Structure formats: structure tokens, C-alpha cells
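Participant: This is model_38.csv (CSV, C-alpha atoms and all ligand atoms).
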chain,number,residue,atom,x,y,z
A,126,MET,CA,-6.9,-1.9,-12.8
A,127,LEU,CA,-6.5,-4.8,-10.4
A,128,ARG,CA,-8.8,-5.7,-7.6
A,129,SER,CA,-8.8,-8.1,-4.7
A,130,ALA,CA,-11.8,-10.5,-4.3
A,131,LEU,CA,-11.1,-10.7,-0.6
A,132,LEU,CA,-11.2,-6.9,-0.1
A,133,SER,CA,-14.4,-6.5,-2.1
A,134,PRO,CA,-17.0,-5.2,-1.5
A,135,ALA,CA,-14.8,-2.3,-0.4
A,136,VAL,CA,-14.3,-0.2,-3.6
A,137,HIS,CA,-10.6,-0.1,-4.4
A,138,ALA,CA,-8.1,-0.5,-7.2
A,139,PHE,CA,-4.4,-1.1,-7.9
A,140,THR,CA,-3.6,0.9,-11.0
A,141,GLY,CA,-0.8,0.2,-13.5
A,142,LEU,CA,0.5,1.4,-16.9
A,143,ALA,CA,-3.0,1.3,-18.4
A,144,GLU,CA,-4.2,4.0,-16.0
A,145,GLY,CA,-1.2,6.2,-16.7
A,146,ASP,CA,1.4,7.9,-14.5
A,147,LEU,CA,-0.2,9.0,-11.3
A,148,ARG,CA,2.9,10.5,-9.7
A,149,ARG,CA,2.6,13.5,-7.4
A,150,GLY,CA,1.2,16.5,-9.2
A,151,ASN,CA,-1.0,14.5,-11.6
A,152,THR,CA,-4.2,15.9,-10.2
A,153,GLU,CA,-6.2,15.1,-13.4
A,154,GLY,CA,-5.2,11.4,-13.2
A,155,LEU,CA,-6.2,11.2,-9.6
A,156,ALA,CA,-9.5,13.0,-10.3
A,157,SER,CA,-10.3,10.5,-13.0
A,158,LEU,CA,-9.6,7.7,-10.6
A,159,ALA,CA,-11.8,9.2,-8.0
A,160,ALA,CA,-14.6,9.3,-10.5
A,161,VAL,CA,-14.1,5.6,-11.4
A,162,LEU,CA,-14.1,4.7,-7.7
A,163,GLY,CA,-17.2,6.9,-7.1
A,164,GLY,CA,-15.6,8.9,-4.3
A,165,ARG,CA,-14.7,12.4,-3.3
A,166,SER,CA,-12.0,14.3,-5.1
A,167,PRO,CA,-9.3,15.1,-4.4
A,168,ILE,CA,-8.1,11.7,-3.3
A,169,ALA,CA,-6.2,11.9,0.0
A,170,THR,CA,-2.5,11.3,-0.4
A,171,VAL,CA,0.6,12.2,1.6
A,172,SER,CA,4.2,13.0,0.9
A,173,GLN,CA,5.8,9.6,1.3
A,174,VAL,CA,9.1,9.4,3.1
A,175,HIS,CA,9.7,5.7,3.7
A,176,GLY,CA,8.9,6.1,7.4
A,177,ASN,CA,6.1,4.6,9.6
A,178,ARG,CA,3.9,7.5,10.3
A,179,VAL,CA,0.2,6.8,9.9
A,180,LEU,CA,-2.3,9.7,9.5
A,181,ALA,CA,-6.0,10.1,9.4
A,182,ALA,CA,-7.2,11.6,6.1
A,183,GLU,CA,-9.5,13.8,8.2
A,184,ASP,CA,-6.3,15.5,9.5
A,185,LEU,CA,-5.0,16.5,6.1
A,186,ARG,CA,-5.4,19.9,4.6
A,187,GLU,CA,-5.6,20.3,0.8
A,188,ASP,CA,-2.8,23.0,0.8
A,189,THR,CA,-0.3,21.0,2.7
A,190,ALA,CA,1.7,17.9,1.9
A,191,LEU,CA,2.2,16.1,5.2
A,192,GLU,CA,4.9,13.5,5.4
A,193,ALA,CA,3.6,10.1,6.2
A,194,ASP,CA,3.4,6.6,4.6
A,195,ALA,CA,0.0,5.5,5.5
A,196,LEU,CA,-3.5,7.0,5.5
A,197,PHE,CA,-6.8,5.8,6.9
A,198,THR,CA,-10.3,7.3,6.8
A,199,THR,CA,-13.6,6.7,8.4
A,200,THR,CA,-15.5,9.3,6.3
A,201,PRO,CA,-17.8,7.7,3.7
A,202,GLY,CA,-16.8,8.7,0.2
A,203,THR,CA,-13.3,9.7,1.0
A,204,ILE,CA,-10.6,7.8,-0.9
A,205,VAL,CA,-7.1,7.2,0.4
A,206,ALA,CA,-4.2,6.3,-1.8
A,207,VAL,CA,-0.5,5.6,-1.9
A,208,ARG,CA,1.9,6.0,-4.9
A,209,VAL,CA,4.3,3.2,-5.7
A,210,ALA,CA,6.6,1.8,-8.3
A,211,ASP,CA,8.2,-1.4,-6.8
A,212,CYS,CA,7.4,-0.6,-3.2
A,213,VAL,CA,4.4,-2.6,-1.8
A,214,PRO,CA,1.0,-1.0,-1.7
A,215,VAL,CA,-1.2,-2.5,1.0
A,216,LEU,CA,-5.0,-1.7,1.3
A,217,LEU,CA,-7.0,-2.4,4.4
A,218,ALA,CA,-10.7,-2.5,4.9
A,219,GLY,CA,-12.8,-3.0,8.0
A,220,PRO,CA,-16.2,-2.0,9.4
A,221,GLY,CA,-16.4,1.8,8.7
A,222,VAL,CA,-12.7,2.2,7.9
A,223,VAL,CA,-10.2,1.9,5.1
A,224,ALA,CA,-6.5,2.5,4.8
A,225,ALA,CA,-3.7,2.7,2.2
A,226,VAL,CA,-0.1,1.9,3.2
A,227,HIS,CA,3.2,2.4,1.3
A,228,ALA,CA,5.6,-0.3,2.4
A,229,GLY,CA,9.0,-0.2,1.0
A,230,TRP,CA,11.7,-2.1,2.8
A,231,ARG,CA,12.3,0.7,5.3
A,232,GLY,CA,8.5,1.0,6.1
A,233,THR,CA,8.2,-2.8,6.3
A,234,ALA,CA,11.1,-3.0,8.7
A,235,ALA,CA,9.6,-0.1,10.7
A,236,ASP,CA,6.4,-2.2,11.0
A,237,ILE,CA,4.2,0.3,9.1
A,238,VAL,CA,1.6,-2.3,8.1
A,239,ARG,CA,1.1,-3.5,11.7
A,240,LEU,CA,0.9,0.2,12.9
A,241,SER,CA,-1.6,1.0,10.2
A,242,ALA,CA,-3.8,-1.9,11.0
A,243,ALA,CA,-3.8,-0.9,14.7
A,244,ALA,CA,-4.6,2.7,13.9
A,245,ALA,CA,-7.4,1.8,11.5
A,246,ALA,CA,-9.0,-0.6,14.0
A,247,THR,CA,-8.8,2.0,16.8
A,248,ALA,CA,-10.4,4.6,14.6
A,249,ALA,CA,-13.2,2.3,13.7
A,250,GLY,CA,-13.6,0.9,17.2
A,251,CYS,CA,-13.1,-2.7,15.8
A,252,ARG,CA,-10.6,-5.5,16.4
A,253,VAL,CA,-7.6,-5.8,14.1
A,254,HIS,CA,-8.8,-9.2,13.0
A,255,GLU,CA,-12.0,-7.7,11.7
A,256,LEU,CA,-9.9,-6.0,9.0
A,257,ARG,CA,-9.2,-7.5,5.6
A,258,ALA,CA,-6.1,-6.7,3.4
A,259,ALA,CA,-4.8,-6.8,-0.1
A,260,VAL,CA,-1.1,-6.6,-1.0
A,261,GLY,CA,-0.7,-5.2,-4.5
A,262,PRO,CA,1.8,-5.4,-7.3
A,263,SER,CA,5.3,-4.8,-6.2
A,264,ILE,CA,8.9,-5.9,-6.9
A,265,ARG,CA,9.0,-9.5,-5.8
A,266,GLY,CA,11.8,-11.9,-4.6
A,267,CYS,CA,12.7,-12.7,-8.2
A,268,CYS,CA,14.0,-9.2,-8.8
A,269,TYR,CA,14.8,-7.6,-5.4
A,270,GLU,CA,18.4,-8.3,-4.7
A,271,VAL,CA,19.4,-6.5,-1.5
A,272,GLY,CA,22.2,-5.9,1.0
A,273,ASP,CA,22.6,-6.9,4.6
A,274,GLU,CA,20.8,-3.8,5.9
A,275,VAL,CA,17.6,-4.8,4.2
A,276,ILE,CA,17.9,-8.5,5.0
A,277,GLN,CA,18.3,-7.8,8.6
A,278,GLY,CA,15.7,-5.0,8.8
A,279,VAL,CA,13.0,-7.0,7.1
A,280,GLY,CA,14.0,-10.3,8.7
A,281,ALA,CA,13.5,-8.7,12.1
A,282,VAL,CA,9.8,-8.1,11.6
A,283,ALA,CA,9.0,-10.9,9.2
A,284,PRO,CA,11.3,-13.9,9.8
A,285,GLY,CA,8.9,-16.0,7.8
A,286,ALA,CA,9.3,-14.0,4.6
A,287,SER,CA,10.7,-15.9,1.6
A,288,TRP,CA,14.3,-15.4,0.7
A,289,ARG,CA,16.2,-16.6,-2.3
A,290,ASP,CA,20.0,-17.3,-2.2
A,291,GLY,CA,20.0,-15.2,1.0
A,292,ARG,CA,20.3,-12.1,-1.1
A,293,HIS,CA,16.7,-11.6,-2.3
A,294,VAL,CA,13.8,-10.3,-0.3
A,295,ASP,CA,10.1,-10.6,-1.1
A,296,LEU,CA,8.4,-7.6,0.6
A,297,ALA,CA,5.0,-8.6,-0.5
A,298,GLU,CA,5.4,-11.9,1.2
A,299,ALA,CA,6.9,-10.2,4.3
A,300,ASN,CA,3.8,-7.9,4.6
A,301,ARG,CA,1.5,-10.8,3.9
A,302,ALA,CA,3.1,-12.7,6.8
A,303,ILE,CA,2.9,-9.8,9.2
A,304,LEU,CA,-0.8,-9.3,8.4
A,305,ALA,CA,-1.5,-13.0,8.8
A,306,GLU,CA,0.4,-13.0,12.1
A,307,ILE,CA,-1.9,-10.3,13.6
A,308,GLY,CA,-5.0,-12.1,12.4
A,309,VAL,CA,-5.9,-10.1,9.3
A,310,ALA,CA,-7.1,-12.1,6.3
A,311,VAL,CA,-4.9,-11.1,3.3
A,312,GLU,CA,-4.7,-11.6,-0.4
A,313,VAL,CA,-1.7,-10.9,-2.6
A,314,VAL,CA,-2.7,-9.7,-6.1
A,315,GLY,CA,-0.6,-9.0,-9.1
A,316,GLY,CA,2.9,-10.0,-10.0
A,317,CYS,CA,6.4,-8.5,-10.0
A,318,THR,CA,6.5,-4.9,-11.1
A,319,ARG,CA,10.0,-5.2,-12.4
A,320,CYS,CA,9.9,-8.3,-14.5
A,321,GLY,CA,6.1,-8.4,-15.1
A,322,GLU,CA,4.1,-6.6,-17.7
A,323,GLY,CA,1.8,-3.7,-17.0
A,324,TRP,CA,3.4,-1.7,-14.1
A,325,PHE,CA,5.8,1.1,-13.5
A,326,SER,CA,9.1,-0.1,-12.0
A,327,HIS,CA,11.6,2.3,-10.3
A,328,ARG,CA,14.3,-0.3,-10.5
A,329,ARG,CA,13.7,-0.7,-14.3
A,330,GLY,CA,14.2,3.1,-14.6
A,331,ASP,CA,10.6,4.3,-14.7
A,332,LEU,CA,9.7,7.7,-13.2
A,333,GLY,CA,6.0,7.0,-13.3
A,334,ARG,CA,4.0,5.8,-10.3
A,335,GLN,CA,0.9,3.7,-9.9
A,336,VAL,CA,-1.4,3.8,-6.9
A,337,GLY,CA,-3.3,1.6,-4.5
A,338,ALA,CA,-6.5,3.4,-3.7
A,339,ILE,CA,-9.5,2.5,-1.5
A,340,ARG,CA,-12.8,4.3,-0.7
A,341,ALA,CA,-14.5,4.4,2.6
B,401,ZN,ZN,10.6,-10.1,-10.9
Would you write out, as C-alpha cells, the structure that this file holds?
Facilitator:
Amino acid sequence: MLRSALLSPAVHAFTGLAEGDLRRGNTEGLASLAAVLGGRSPIATVSQVHGNRVLAAEDLREDTALEADALFTTTPGTIVAVRVADCVPVLLAGPGVVAAVHAGWRGTAADIVRLSAAAAATAAGCRVHELRAAVGPSIRGCCYEVGDEVIQGVGAVAPGASWRDGRHVDLAEANRAILAEIGVAVEVVGGCTRCGEGWFSHRRGDLGRQVGAIRA
């Protein structure tokens, strides 16, 4: 379980292989994580669709699976989480608010991290630059060879992101750059999920999922 020093004291975690497969439907695994984080169960999650919709956990109902890719909450004890396996998990914390963001290339290109920061700040009645962020383990530029659609889509929102050979994109760096640009202090933690040890990787063929989770 990985944590960001910058994001602390907000209670949060990026899980990996050690915490087991936390894919959709593994309610036991998420309940265990909720206990570790000292928050309410069930952990609030959404049906992730690689879009840029941001929801308040307070608007979720237990018996529905709303489609969105970011969740925030202002309710003390509520935990929000996103499931990933190569896509970028981004956690945000500010005065009285936390958020979890699923940022694959489509979400990154659709500006989901910027929209999430704005929504979280609005909900908390604070400025965006009062938020702090952690970008978790994800597939990095070393392993993420992509086509023109991705290069153009991500390049449009994060021209400063690192590229390699013009065919590789680093989504963690892209999201770090976007957050830095809007004044959010950000730390990148963990390595590449595909070539590193300890994480599920979709591109390596894993069906399992890890989560980025944070408690209000
Ligand atoms: Zn790699």
C-alpha cells in the first residue's frame, strides 16, 4: 500500500498486488480497505467509462452503478475510490474535501483532472490551489506506446508531458503537469505498472484491478 507524503495527513492509499484484486464486485476486498482506512463502508465507487463526468459521492445510491470517472466527497468518514490497472489514479485533498479520479488517456484528454479539481474546490468552497494531489502507480512512458489519436488528444491538454520517440506518452506526467499548471501541489508516487513489480497491469494481461482511495 503506497501513500503520498504530500497528500498526508489525508488518509489515503494506492493498493497493488499485495492488497489483492479489487475489481468491481469484490465487496469484501473493499470492505477490508475501508477498515484499514478507518472510514465508512461501502467505499464509494462508480462505473468507470473513460469519460470526464465528475460526481459527488453524496449523489450515489448503493443499488445503482452510475457512470462517471471521478468522485468527490465532503462527508467526513466517506471514502471515494477509483479502480485502475495501467490508467492513472489521481487523489485530491483540500479543506473538507477529497476526490478520486480515473485518468486514462481519454479522460486525460477530456481534462478530467482539471474538472475534478474545480468540482472539489467548488464543493468545499475553497480555491483550486488549496488542493493537494497525488498521482499513483500507472503505465509510464517506458511502456505506453500509442497512436496518433492518443498523442494528439493528450498533447492538446498537456503539451509539456514527456514523450519518447514521439510514440510514447507518459500519462502520469501529463496529469502532473496539468495539476501544476492550475496551481495544485502534486506528488507522483510509485512506478510503472507494466514493467514494475507489485501492480496489476492491463497491458500485461492482468484482469485484476488496484485502487486509489481517499477518506474525507
Ligand atoms: Zn514501464
Participant: If we count only C-alpha atoms, what is near Ala169 in chain A at a cut-off of 10 Å, once residues fewer than 5 positions away on the same chain are taken out, given as a list of chain:residue names?
Facilitator: A:Leu155, A:Ala181, A:Ala182, A:Glu183, A:Leu185, A:Arg186, A:Glu187, A:Leu196, A:Phe197, A:Thr198, A:Thr203, A:Ile204, A:Val205, A:Ala206, A:Val207, A:Ala225, A:Ala338
Participant: Using all atoms listed in the file, determine which residues fall within 9 Å of ligand ZN 401 (chain B), then list them as a PyMOL selection string.
Facilitator: chain A and resi 263-269+316-321
Participant: Using only C-alpha atoms, what residues lie at most 6 Å away from (-12.6, 3.1, -2.0) (file coordinates), given as a list in words?
Facilitator: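 I get Val136, His137, Ile204, Ile339, Arg340 and Ala341 of chain A for the residues within 6 Å of that point.
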Participant: Using all atoms listed in the file, which of the listed residues (A:Pro262, A:Gly229, A:Gly250, A:Gly154) sits closest to Glu312 in chain A?
Facilitator: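 Of the candidates, the smallest distance to Glu312 in chain A is held by A:Pro262.
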Participant: For His175 in chain A, which residue among A:Gly337, A:Gly232, A:Pro284, A:Gly272 is the nearest when counting only C-alpha atoms?
Facilitator: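 So, comparing all the options, the nearest one is A:Gly232.
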Participant: Just how far from CA of Arg128 in chain A is CA of Thr152 in chain A, in Å to one decimal?
Facilitator: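 A separation of 22.2 Å between them.
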Participant: Nearest to Ala218 in chain A: which of A:Thr233, A:Ser326, A:Thr170, A:Thr199 is it, counting all atoms listed in the file?
Facilitator: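 For Ala218 in chain A, the nearest of the candidates is A:Thr199.
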Participant: How many Å lie between CA of Ala195 in chain A and CA of Leu240 in chain A, rounded to one decimal?
Facilitator: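 Going from CA of Ala195 in chain A over to CA of Leu240 in chain A covers 9.1 Å.
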Participant: Which residues are close to Pro220 in chain A, i.e. within 9 Å by all atoms listed in the file, leaving aside same-chain residues fewer than 3 positions away? Reply as a ChimeraX atom specification.
Facilitator: /A:223,246,249-251,255-256
Participant: Work out how far apart CA of Ala193 in chain A and CA of Asp273 in chain A are and give it in Å to one decimal.
Facilitator: 25.5 Å
Participant: Compare A:Trp230, A:Ala190, A:Leu147, A:Val222 by their minimum atom-to-atom distance to Gly176 in chain A, counting all atoms listed in the file, and give me the closest one.
Facilitator: A:Trp230
Participant: Need the shell around range 298-305 of chain A: protein/DNA/RNA residues with any atom at most 10 Å away, counting all atoms listed in the file. Skip same-chain ones fewer than 4 positions apart. Format as a count of residues only?
Facilitator: 37
Participant: Kindly indicate which residue among A:Leu162, A:Leu191, A:Gly330, A:Glu270 lies nearest to Thr140 in chain A, using all atoms listed in the file for the distances.
Facilitator: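 Looking only at the distances to Thr140 in chain A, the closest residue turns out to be A:Leu162.
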Participant: If we count all atoms listed in the file and set the cut-off at 12 Å, which residues sit around Asp146 in chain A, ignoring sequence neighbours fewer than 6 positions away in its own chain? Please answer as a list in words.
Facilitator: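 Answer for this query is Thr140, Thr152, Glu153, Gly154, Leu155, Leu158, Arg208, Val209, Ala210, Gly323, Trp324, Phe325, Ser326, Asp331, Leu332, Gly333, Arg334, Gln335 and Val336 of chain A.
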